[in-house]
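Asker: What follows is model_14.csv; its format and atoms are CSV, C-alpha atoms.
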```
chain,number,residue,atom,x,y,z
A,266,MET,CA,110.9,76.7,122.4
A,267,THR,CA,114.2,74.8,121.7
A,268,ASP,CA,113.6,71.1,122.2
A,269,PRO,CA,112.5,69.5,118.8
A,270,ALA,CA,110.3,66.8,120.4
A,271,ALA,CA,108.5,69.4,122.6
A,272,ALA,CA,108.1,71.7,119.6
A,273,ARG,CA,106.7,68.8,117.6
A,274,SER,CA,104.2,68.0,120.3
A,275,PHE,CA,103.1,71.6,120.7
A,276,LEU,CA,102.8,72.3,117.0
A,277,LEU,CA,100.8,69.1,116.4
A,278,ALA,CA,98.2,70.2,119.0
A,279,GLU,CA,98.1,73.7,117.4
A,280,VAL,CA,97.7,72.3,113.9
A,281,GLU,CA,94.9,69.9,114.9
A,282,ALA,CA,93.0,72.7,116.5
A,283,LEU,CA,93.1,75.0,113.4
A,284,GLU,CA,89.8,76.1,111.9
A,285,ALA,CA,89.3,76.9,108.2
A,286,PHE,CA,91.8,79.6,107.0
A,287,GLY,CA,93.7,79.5,110.3
A,288,PHE,CA,97.4,79.0,110.4
A,289,VAL,CA,100.2,78.5,112.8
A,290,ALA,CA,103.6,79.8,111.8
A,291,ALA,CA,107.1,79.0,113.1
A,292,VAL,CA,110.2,81.2,112.6
A,293,PRO,CA,113.6,80.8,114.0
A,294,SER,CA,114.3,83.7,116.4
A,295,GLY,CA,116.0,86.5,114.6
A,296,ARG,CA,115.5,84.9,111.1
A,297,PRO,CA,112.2,86.3,109.9
A,298,LEU,CA,112.8,85.2,106.3
A,299,HIS,CA,112.9,81.6,107.3
A,300,LEU,CA,109.2,81.5,108.1
A,301,VAL,CA,107.1,78.3,107.6
A,302,GLU,CA,103.4,78.0,108.3
A,303,VAL,CA,100.8,75.3,108.4
A,304,VAL,CA,97.4,76.4,107.0
A,305,ARG,CA,93.9,74.8,107.4
A,306,LEU,CA,92.2,75.1,104.0
A,307,GLU,CA,88.6,75.9,103.4
A,308,ASP,CA,87.8,72.3,102.6
A,309,GLY,CA,89.5,71.1,105.8
A,310,GLY,CA,92.8,70.1,104.1
A,311,ILE,CA,96.2,71.0,105.5
A,312,GLU,CA,98.9,72.9,103.6
A,313,VAL,CA,102.5,73.7,104.6
A,314,ARG,CA,103.6,77.0,103.1
A,315,VAL,CA,106.8,79.0,102.7
A,316,PRO,CA,105.1,82.4,102.1
A,317,GLY,CA,106.0,84.5,99.1
A,318,ARG,CA,108.2,87.5,99.8
A,319,PRO,CA,107.1,91.1,98.9
A,320,LYS,CA,108.9,92.9,96.1
A,321,GLY,CA,112.0,94.5,97.5
A,322,ALA,CA,112.7,91.8,100.0
A,323,PRO,CA,115.5,89.2,99.4
A,324,GLU,CA,114.2,86.5,97.1
A,325,LEU,CA,114.5,82.8,97.7
A,326,GLU,CA,117.8,81.7,96.3
A,327,PRO,CA,117.7,79.1,93.5
A,328,SER,CA,119.3,76.6,95.8
A,329,LEU,CA,116.5,77.1,98.3
A,330,ARG,CA,113.8,76.8,95.6
A,331,SER,CA,115.4,73.6,94.4
A,332,ALA,CA,115.5,72.2,97.9
A,333,LEU,CA,111.8,73.0,98.4
A,334,GLY,CA,111.0,71.1,95.2
A,335,GLU,CA,112.9,68.1,96.5
A,336,HIS,CA,110.8,68.2,99.7
A,337,GLY,CA,107.5,68.1,97.8
A,338,PHE,CA,106.8,71.9,97.6
A,339,ALA,CA,105.5,73.5,94.5
A,340,SER,CA,104.8,77.1,93.4
A,341,GLU,CA,102.2,78.3,90.9
A,342,ASP,CA,105.0,80.4,89.4
A,343,PRO,CA,108.5,79.5,90.6
A,344,GLY,CA,109.8,82.7,88.9
A,345,ASP,CA,107.5,85.0,90.9
A,346,PRO,CA,109.1,85.7,94.3
A,347,THR,CA,105.8,86.9,95.7
A,348,ARG,CA,104.1,83.5,95.3
A,349,PRO,CA,104.2,81.0,98.1
A,350,TRP,CA,105.6,77.5,97.9
A,351,SER,CA,103.2,74.9,99.3
A,352,PHE,CA,103.0,71.2,100.2
A,353,ALA,CA,99.7,69.4,100.6
A,354,ALA,CA,100.1,67.4,103.8
A,355,PRO,CA,97.8,64.3,104.3
A,356,ASP,CA,97.4,65.0,108.0
A,357,ALA,CA,98.6,67.2,110.9
A,358,GLU,CA,101.5,64.9,111.8
A,359,SER,CA,102.9,65.0,108.3
A,360,ALA,CA,102.4,68.8,108.2
A,361,VAL,CA,104.4,69.3,111.4
A,362,ARG,CA,107.1,66.9,110.2
A,363,SER,CA,107.4,68.8,106.9
A,364,LEU,CA,107.6,72.2,108.8
A,365,GLN,CA,110.5,71.0,111.0
A,366,GLU,CA,112.3,69.3,108.1
A,367,THR,CA,112.0,72.5,106.0
A,368,LEU,CA,113.5,74.6,108.7
A,369,VAL,CA,116.4,72.3,109.1
A,370,GLU,CA,117.0,70.7,105.7
A,371,VAL,CA,116.0,73.6,103.5
A,372,PHE,CA,116.9,76.7,105.5
A,373,GLY,CA,119.8,75.1,107.4
A,374,GLU,CA,118.6,75.8,110.9
A,375,LYS,CA,119.7,73.7,113.8
A,376,PRO,CA,117.1,71.2,115.1
A,377,GLU,CA,117.3,72.8,118.5
A,378,ALA,CA,117.2,76.4,117.3
A,379,PRO,CA,114.7,78.5,119.3
A,380,LEU,CA,111.4,79.0,117.5
A,381,ASP,CA,108.9,81.9,117.7
A,382,ILE,CA,105.4,80.6,117.2
A,383,GLY,CA,102.6,82.7,115.8
A,384,HIS,CA,98.9,82.3,114.9
A,385,GLY,CA,96.5,84.0,112.5
A,386,SER,CA,93.9,83.6,109.8
A,387,HIS,CA,94.0,84.0,106.0
A,388,ARG,CA,90.2,84.4,105.9
A,389,ALA,CA,90.4,88.2,105.2
A,390,GLU,CA,92.9,87.6,102.5
A,391,HIS,CA,90.7,84.9,100.9
A,392,GLU,CA,87.7,87.2,101.0
A,393,ALA,CA,89.9,90.0,99.5
A,394,ARG,CA,90.8,87.8,96.6
A,395,GLN,CA,87.2,87.0,96.0
A,396,LYS,CA,86.3,90.8,95.9
A,397,LEU,CA,89.3,91.4,93.6
A,398,THR,CA,88.0,88.8,91.2
A,399,ILE,CA,84.6,90.6,91.1
A,400,ALA,CA,86.3,94.0,90.6
A,401,ARG,CA,88.4,92.6,87.7
A,402,THR,CA,85.2,91.4,85.9
A,403,ARG,CA,83.6,94.8,86.3
A,404,ILE,CA,86.8,96.7,85.2
A,405,GLN,CA,87.2,94.5,82.1
A,406,SER,CA,83.7,95.2,81.0
A,407,VAL,CA,84.2,99.0,81.3
A,408,VAL,CA,87.6,99.1,79.6
A,409,THR,CA,86.4,96.9,76.8
A,410,GLU,CA,83.6,99.4,76.2
A,411,ILE,CA,86.1,102.3,76.2
A,412,LEU,CA,88.4,100.6,73.7
A,413,GLY,CA,85.8,98.9,71.6
A,414,ARG,CA,87.7,95.6,72.1
A,415,ALA,CA,89.1,93.4,74.7
A,416,PRO,CA,92.0,95.1,76.6
A,417,GLU,CA,95.5,94.0,76.7
A,418,GLN,CA,96.8,92.7,80.0
A,419,ASP,CA,100.4,92.9,81.3
A,420,ALA,CA,102.3,90.3,83.3
A,421,ASP,CA,100.6,91.4,86.5
A,422,GLY,CA,97.1,91.0,84.9
A,423,ASP,CA,96.6,94.8,84.9
A,424,TYR,CA,94.7,96.3,82.0
A,425,VAL,CA,96.7,98.4,79.5
A,426,LEU,CA,94.8,101.1,77.5
A,427,PRO,CA,96.5,102.9,74.6
A,428,ILE,CA,94.3,106.0,74.3
A,429,ASP,CA,95.4,108.7,71.9
A,430,ASP,CA,99.0,109.6,72.8
A,431,VAL,CA,98.9,108.0,76.3
A,432,HIS,CA,99.2,104.4,77.6
A,433,LEU,CA,97.2,104.0,80.8
A,434,THR,CA,97.2,101.1,83.2
A,435,VAL,CA,94.1,100.2,85.3
A,436,ALA,CA,95.4,98.1,88.2
A,437,PRO,CA,93.0,96.6,90.7
A,438,ARG,CA,94.5,95.7,94.0
A,439,ALA,CA,93.3,94.4,97.4
A,440,THR,CA,94.8,95.0,100.8
A,441,PRO,CA,95.1,92.0,103.1
A,442,ASP,CA,92.2,93.3,105.2
A,443,GLY,CA,89.9,93.0,102.2
A,444,GLN,CA,89.7,96.6,100.9
A,445,VAL,CA,89.8,96.9,97.1
A,446,VAL,CA,91.4,99.8,95.4
A,447,VAL,CA,91.6,100.6,91.7
A,448,ARG,CA,94.7,102.6,90.5
A,449,ILE,CA,94.6,104.3,87.1
A,450,PHE,CA,98.0,105.6,86.2
A,451,ALA,CA,100.2,106.6,83.3
A,452,ILE,CA,103.9,107.2,83.0
A,453,THR,CA,104.4,110.7,81.6
A,454,ASN,CA,108.2,111.1,81.5
A,455,VAL,CA,111.3,109.0,81.9
A,456,GLY,CA,115.0,110.0,82.4
A,457,VAL,CA,114.1,113.4,83.9
A,458,ASP,CA,116.6,115.5,85.8
A,459,VAL,CA,115.8,114.9,89.5
A,460,THR,CA,116.3,118.2,91.2
A,461,PRO,CA,114.7,120.0,94.1
A,462,GLU,CA,113.1,122.3,91.5
A,463,LEU,CA,111.3,119.3,90.0
A,464,GLY,CA,109.9,118.1,93.3
A,465,LEU,CA,108.8,121.6,94.2
A,466,PHE,CA,107.1,122.1,90.8
A,467,LEU,CA,105.2,118.8,91.1
A,468,ALA,CA,104.1,119.6,94.7
A,469,ARG,CA,102.7,123.0,93.5
A,470,LEU,CA,101.1,121.4,90.5
A,471,ASN,CA,99.4,118.7,92.7
A,472,PHE,CA,98.1,121.4,95.1
A,473,GLY,CA,96.1,123.0,92.3
A,474,MET,CA,94.5,119.8,91.0
A,475,MET,CA,91.1,118.6,91.9
A,476,PHE,CA,91.6,115.0,90.8
A,477,GLY,CA,94.7,112.9,90.5
A,478,ARG,CA,98.3,113.6,91.4
A,479,PHE,CA,101.8,113.6,89.9
A,480,ALA,CA,104.4,111.4,91.6
A,481,LEU,CA,108.2,111.3,91.2
A,482,ASP,CA,110.0,107.9,91.1
A,483,VAL,CA,113.4,109.2,92.1
A,484,GLU,CA,115.2,106.0,91.8
A,485,HIS,CA,114.1,105.5,88.1
A,486,ARG,CA,113.9,109.2,87.2
A,487,SER,CA,110.3,108.9,86.1
A,488,ILE,CA,107.2,110.9,86.5
A,489,TRP,CA,103.7,109.3,86.9
A,490,PHE,CA,100.2,110.6,87.1
A,491,ASP,CA,97.5,108.5,88.8
A,492,GLU,CA,94.1,108.4,90.5
A,493,VAL,CA,92.7,105.9,92.9
A,494,LEU,CA,89.1,104.6,93.3
A,495,LEU,CA,88.3,103.0,96.6
A,496,GLY,CA,86.1,99.9,97.0
A,497,GLU,CA,84.9,97.1,94.7
A,498,GLN,CA,81.5,98.9,94.4
A,499,PHE,CA,82.9,101.8,92.3
A,500,ARG,CA,80.5,103.1,89.7
A,501,GLU,CA,81.2,102.5,86.1
A,502,ASP,CA,81.0,106.2,85.3
A,503,GLU,CA,83.6,106.9,88.0
A,504,LEU,CA,86.0,104.5,86.3
A,505,ARG,CA,85.3,106.1,82.8
A,506,PHE,CA,85.9,109.5,84.2
A,507,ALA,CA,89.1,108.5,86.0
A,508,VAL,CA,90.5,106.9,82.8
A,509,GLN,CA,89.6,110.0,80.7
A,510,MET,CA,91.0,112.4,83.3
A,511,VAL,CA,94.3,110.5,83.7
A,512,GLY,CA,94.7,110.3,80.0
A,513,THR,CA,94.0,113.9,79.3
A,514,THR,CA,96.2,115.2,82.1
A,515,ALA,CA,99.2,113.0,81.2
A,516,ASP,CA,98.9,114.0,77.5
A,517,GLY,CA,98.6,117.6,78.5
A,518,TRP,CA,101.8,117.7,80.6
A,519,ASP,CA,104.3,115.2,79.3
A,520,ASP,CA,105.8,117.5,76.6
A,521,ARG,CA,105.9,120.5,79.0
A,522,LEU,CA,107.6,118.5,81.7
A,523,LYS,CA,110.2,117.3,79.1
A,524,GLN,CA,110.9,120.8,78.1
A,525,MET,CA,111.4,121.9,81.7
A,526,PHE,CA,113.2,118.9,83.2
A,527,GLY,CA,114.7,116.9,80.3
A,528,GLY,CA,114.4,113.2,79.6
A,529,ALA,CA,111.8,111.8,77.3
A,530,THR,CA,108.1,111.3,77.2
A,531,TYR,CA,106.9,107.8,77.7
A,532,GLN,CA,105.5,107.8,74.2
A,533,GLU,CA,109.0,108.3,72.9
A,534,VAL,CA,110.1,105.4,75.0
A,535,LEU,CA,107.4,103.1,73.5
A,536,ALA,CA,108.2,104.3,70.0
A,537,GLY,CA,111.9,103.6,70.4
A,538,ARG,CA,112.9,107.2,69.8
A,539,THR,CA,115.1,107.4,72.9
A,540,ALA,CA,117.6,105.3,74.8
A,541,GLU,CA,115.6,105.8,78.0
A,542,ALA,CA,114.0,102.6,79.4
A,543,PRO,CA,110.6,102.4,81.2
A,544,PRO,CA,110.7,102.1,85.0
A,545,PRO,CA,110.6,98.4,86.2
A,546,THR,CA,108.1,99.0,89.0
A,547,LYS,CA,104.7,100.4,89.4
A,548,PRO,CA,103.2,102.8,92.0
A,549,GLY,CA,102.6,101.1,95.3
A,550,GLU,CA,104.9,98.1,94.7
A,551,GLY,CA,107.6,97.0,97.0
A,552,VAL,CA,105.9,97.5,100.4
A,553,GLY,CA,104.0,94.3,100.8
A,554,GLN,CA,100.8,96.3,101.1
A,555,TYR,CA,98.6,94.8,98.3
A,556,LEU,CA,97.7,91.3,97.1
```
Can the structure from this file be put into structure tokens for me?

Answerer:
Amino acid sequence: MTDPAAARSFLLAEVEALEAFGFVAAVPSGRPLHLVEVVRLEDGGIEVRVPGRPKGAPELEPSLRSALGEHGFASEDPGDPTRPWSFAAPDAESAVRSLQETLVEVFGEKPEAPLDIGHGSHRAEHEARQKLTIARTRIQSVVTEILGRAPEQDADGDYVLPIDDVHLTVAPRATPDGQVVVRIFAITNVGVDVTPELGLFLARLNFGMMFGRFALDVEHRSIWFDEVLLGEQFREDELRFAVQMVGTTADGWDDRLKQMFGGATYQEVLAGRTAEAPPPTKPGEGVGQYL
């Protein structure tokens, strides 16, 4: 579709036909990062969005963020590249006009550039976020009981539990199709010597474990231990067991792994007794798989 007037007429009909949570998306052919979509909200309103980009993908440049602001778009957290930029359109015609202006005036596309049009629904994502909210409430209750106080939360809203000599993280996530997972993990070592021997050792170690697994972050020379609970209907005793198991295992292996493969334990990092820095990413980040 290359004619701007024909595209406007087609998009207007598509937007007017949208049901709640439905969306129509337009992207210039061969330019997948220049995606703009129009969404019908649950209350019947219309929103134009430039979707957030998953970690690891090129971020919106400051000049593009500034241009979006000048065109009436806003983000809940402009510094978070995973959050969308959105504009509340008063009607379908305004939404289509905003979509086309964004492609041309923000992303620099030619008015006659061919567009690929797609359709879909954010209903499953909306329901996944609702489930995630319920899961967070249940998790906070359990970890508060474990610590005897309200847990600390990091920048991602994950729960940080300092237990004995280990710092654990309880991270609820939801997949776009609505499945909730709860990851319980701890960094054991940082700055290790990444060798084939280390990978083979961790593989053999994992084979002998009934619960949990060690993982090697090669890029950041770090070792993690984690366990995953599936579903928002996990039992409270399952979460308590997973927290205890991850903490005990991480505490039992961090010093031994340091002796064998160098680096420092994560506790030494937190205490400032080493120049090693903590890894900047968490397990499962960077693939756009979780909300």

Asker: Which residues are near stretch 402-411 of chain A? Cut-off 12 Å, all atoms listed in the file, ignore same chain within fewer than 6 positions. Put them as a PyMOL selection string.

Answerer: chain A and resi 395-396+417-418+422-428+433-438+446-449+494+497-509

Asker: Nearest to A:Trp350: which of A:Ala439, A:Val315, A:Ala271, A:Ile382 is it, counting only C-alpha atoms?

Answerer: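 When distances to A:Trp350 are compared using only C-alpha atoms, the smallest one comes from A:Val315.
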
Asker: Record the distance separating atom CA of A:Val511 and atom CA of A:Asn454, expressed in Å with one decimal.

Answerer: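 So the two atoms, atom CA of A:Val511 and atom CA of A:Asn454, lie 14.1 Å apart.
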
Asker: Counting all atoms listed in the file, give me one row per residue of stretch 396-453 of chain A with an atom at most 10 Å from an atom of stretch 471-480 of chain A, showing the shortest contact pair and its distance in Å to one decimal, sorted by chain then residue number, as JSON lines.

Answerer:
```
{"residue": "A:Ile449", "atom": "CA", "partner": "A:Gly477", "partner_atom": "CA", "distance": 9.2}
{"residue": "A:Phe450", "atom": "CA", "partner": "A:Gly477", "partner_atom": "CA", "distance": 9.1}
{"residue": "A:Ala451", "atom": "CA", "partner": "A:Phe479", "partner_atom": "CA", "distance": 9.8}
{"residue": "A:Ile452", "atom": "CA", "partner": "A:Ala480", "partner_atom": "CA", "distance": 9.6}
{"residue": "A:Thr453", "atom": "CA", "partner": "A:Phe479", "partner_atom": "CA", "distance": 9.2}
```

Asker: Separation of atom CA of A:Asp458 and atom CA of A:Asp482, in Å?

Answerer: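 Here the two named atoms are 11.4 Å from each other.
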
Asker: State, in Å with one decimal place, the distance from atom CA of A:His485 to atom CA of A:Pro327.

Answerer: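 Spanning atom CA of A:His485 to atom CA of A:Pro327 is a straight-line distance of 27.2 Å.
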
Asker: Near A:Ala332, counting only C-alpha atoms, which residues have an atom at most 12 Å away, once you skip same-chain residues fewer than 2 positions from it, shown as a list in words?

Answerer: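 Counting only C-alpha atoms, the residues come to Leu325, Glu326, Pro327, Ser328, Leu329, Arg330, Gly334, Glu335, His336, Gly337, Phe338, Ala339, Trp350, Glu366, Thr367, Leu368, Val369, Glu370, Val371, Phe372 and Gly373 of chain A.
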
Asker: Pull C-alpha atoms from the residues just selected and write them as a short mmCIF file (atom, residue, chain, number, x, y, z; two decimals), keeping the file's coordinate frame.

Answerer:
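Writing the result to out33.cif gives the following:
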```
data_model
loop_
_atom_site.label_atom_id
_atom_site.label_comp_id
_atom_site.auth_asym_id
_atom_site.auth_seq_id
_atom_site.Cartn_x
_atom_site.Cartn_y
_atom_site.Cartn_z
CA LEU A 325 114.50 82.80 97.70
CA GLU A 326 117.80 81.70 96.30
CA PRO A 327 117.70 79.10 93.50
CA SER A 328 119.30 76.60 95.80
CA LEU A 329 116.50 77.10 98.30
CA ARG A 330 113.80 76.80 95.60
CA GLY A 334 111.00 71.10 95.20
CA GLU A 335 112.90 68.10 96.50
CA HIS A 336 110.80 68.20 99.70
CA GLY A 337 107.50 68.10 97.80
CA PHE A 338 106.80 71.90 97.60
CA ALA A 339 105.50 73.50 94.50
CA TRP A 350 105.60 77.50 97.90
CA GLU A 366 112.30 69.30 108.10
CA THR A 367 112.00 72.50 106.00
CA LEU A 368 113.50 74.60 108.70
CA VAL A 369 116.40 72.30 109.10
CA GLU A 370 117.00 70.70 105.70
CA VAL A 371 116.00 73.60 103.50
CA PHE A 372 116.90 76.70 105.50
CA GLY A 373 119.80 75.10 107.40
#
```

Asker: Could you list, as a PDB file with C-alpha atoms, keeping the file's coordinate frame, every residue within 12 Å of A:Arg521, counting all atoms listed in the file and ignoring same-chain residues fewer than 5 positions away?

Answerer:
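Generated file (result22.pdb):
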```pdb
ATOM      1  CA  THR A 453     104.400 110.700  81.600  1.00  0.00           C
ATOM      2  CA  ASN A 454     108.200 111.100  81.500  1.00  0.00           C
ATOM      3  CA  VAL A 457     114.100 113.400  83.900  1.00  0.00           C
ATOM      4  CA  PHE A 466     107.100 122.100  90.800  1.00  0.00           C
ATOM      5  CA  THR A 514      96.200 115.200  82.100  1.00  0.00           C
ATOM      6  CA  ALA A 515      99.200 113.000  81.200  1.00  0.00           C
ATOM      7  CA  ASP A 516      98.900 114.000  77.500  1.00  0.00           C
ATOM      8  CA  PHE A 526     113.200 118.900  83.200  1.00  0.00           C
ATOM      9  CA  GLY A 527     114.700 116.900  80.300  1.00  0.00           C
ATOM     10  CA  GLY A 528     114.400 113.200  79.600  1.00  0.00           C
ATOM     11  CA  ALA A 529     111.800 111.800  77.300  1.00  0.00           C
ATOM     12  CA  THR A 530     108.100 111.300  77.200  1.00  0.00           C
TER      13      THR A 530
END
```

Asker: Smallest atom-to-atom distance to A:Asp519: which of A:Glu377, A:Glu492, A:Asp430, A:Glu462, using all atoms listed in the file?

Answerer: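 Between A:Glu377, A:Glu492, A:Asp430, A:Glu462, the residue approaching A:Asp519 most closely is A:Asp430.
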
Asker: Do a neighbour search on A:Val313 at 9 Å with all atoms listed in the file, toss out local chain neighbours closer than 3 positions, and write the hits as a list in words.

Answerer: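 Listing them by chain and then by number gives Val301, Glu302, Val303, Val304, Phe338, Trp350, Ser351, Phe352, Ala353, Ala354, Ala360, Val361, Ser363 and Leu364 of chain A.
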
Asker: When distances are computed from only C-alpha atoms, which of A:His387, A:Asp442, A:Arg538, A:Gln365 shows the smallest separation from A:Ser274?

Answerer: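 When distances to A:Ser274 are compared using only C-alpha atoms, the smallest one comes from A:Gln365.
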
Asker: Quick one: residues within 9 Å of A:Glu358, all atoms listed in the file, excluding same-chain residues fewer than 5 positions away - as a ChimeraX atom specification?

Answerer: /A:273,277,280-281,363

Asker: Store the residues picked out above in a file with C-alpha atoms, as a CSV table (one decimal), keeping the file's coordinate frame.

Answerer:
```csv
chain,number,residue,atom,x,y,z
A,273,ARG,CA,106.7,68.8,117.6
A,277,LEU,CA,100.8,69.1,116.4
A,280,VAL,CA,97.7,72.3,113.9
A,281,GLU,CA,94.9,69.9,114.9
A,363,SER,CA,107.4,68.8,106.9
```

Asker: Counting all atoms listed in the file, which residues have an atom no more than 9 Å from (110.4, 106.9, 85.7) in the file's coordinates? Please list them as a PyMOL selection string.

Answerer: chain A and resi 452-457+481-489+531+542-546

Asker: May I ask you to restore all heavy atoms in stretch 308-316 of chain A and write the result as a short mmCIF file (atom, residue, chain, number, x, y, z; two decimals), in the coordinates of the input?

Answerer:
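Done, and the output landed in rebuild-v1.cif:
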```
data_model
loop_
_atom_site.label_atom_id
_atom_site.label_comp_id
_atom_site.auth_asym_id
_atom_site.auth_seq_id
_atom_site.Cartn_x
_atom_site.Cartn_y
_atom_site.Cartn_z
N ASP A 308 88.41 73.62 102.69
CA ASP A 308 87.80 72.30 102.60
C ASP A 308 88.27 71.35 103.71
O ASP A 308 87.94 70.16 103.71
CB ASP A 308 88.05 71.68 101.24
CG ASP A 308 89.54 71.47 100.95
OD1 ASP A 308 90.37 71.72 101.85
OD2 ASP A 308 89.87 71.05 99.83
N GLY A 309 89.06 71.87 104.65
CA GLY A 309 89.50 71.10 105.80
C GLY A 309 90.92 70.46 105.55
O GLY A 309 91.49 69.89 106.47
N GLY A 310 91.45 70.56 104.33
CA GLY A 310 92.80 70.10 104.10
C GLY A 310 93.86 70.87 104.79
O GLY A 310 93.58 71.94 105.35
N ILE A 311 95.08 70.36 104.78
CA ILE A 311 96.20 71.00 105.50
C ILE A 311 97.30 71.29 104.45
O ILE A 311 97.63 70.42 103.64
CB ILE A 311 96.73 70.17 106.62
CG1 ILE A 311 95.63 69.88 107.64
CG2 ILE A 311 97.91 70.86 107.30
CD1 ILE A 311 96.07 68.96 108.76
N GLU A 312 97.86 72.46 104.52
CA GLU A 312 98.90 72.90 103.60
C GLU A 312 100.07 73.47 104.37
O GLU A 312 99.86 74.29 105.27
CB GLU A 312 98.36 73.86 102.57
CG GLU A 312 99.24 74.09 101.37
CD GLU A 312 98.52 74.91 100.31
OE1 GLU A 312 98.49 76.14 100.45
OE2 GLU A 312 97.97 74.31 99.35
N VAL A 313 101.27 73.06 104.04
CA VAL A 313 102.50 73.70 104.60
C VAL A 313 102.97 74.70 103.58
O VAL A 313 103.07 74.38 102.39
CB VAL A 313 103.56 72.63 104.88
CG1 VAL A 313 104.76 73.27 105.57
CG2 VAL A 313 103.01 71.49 105.72
N ARG A 314 103.27 75.91 104.05
CA ARG A 314 103.60 77.00 103.10
C ARG A 314 104.93 77.67 103.54
O ARG A 314 105.15 77.91 104.73
CB ARG A 314 102.55 78.03 103.00
CG ARG A 314 101.27 77.56 102.36
CD ARG A 314 100.26 78.69 102.32
NE ARG A 314 98.97 78.26 101.84
CZ ARG A 314 97.87 79.02 101.85
NH1 ARG A 314 97.94 80.25 102.35
NH2 ARG A 314 96.73 78.56 101.39
N VAL A 315 105.73 78.00 102.55
CA VAL A 315 106.80 79.00 102.70
C VAL A 315 106.24 80.23 102.00
O VAL A 315 106.14 80.25 100.76
CB VAL A 315 108.10 78.53 102.06
CG1 VAL A 315 109.14 79.65 102.11
CG2 VAL A 315 108.62 77.29 102.79
N PRO A 316 105.80 81.25 102.74
CA PRO A 316 105.10 82.40 102.10
C PRO A 316 105.96 83.10 101.08
O PRO A 316 107.21 83.11 101.15
CB PRO A 316 104.82 83.32 103.31
CG PRO A 316 104.86 82.42 104.51
CD PRO A 316 105.90 81.40 104.20
#
```
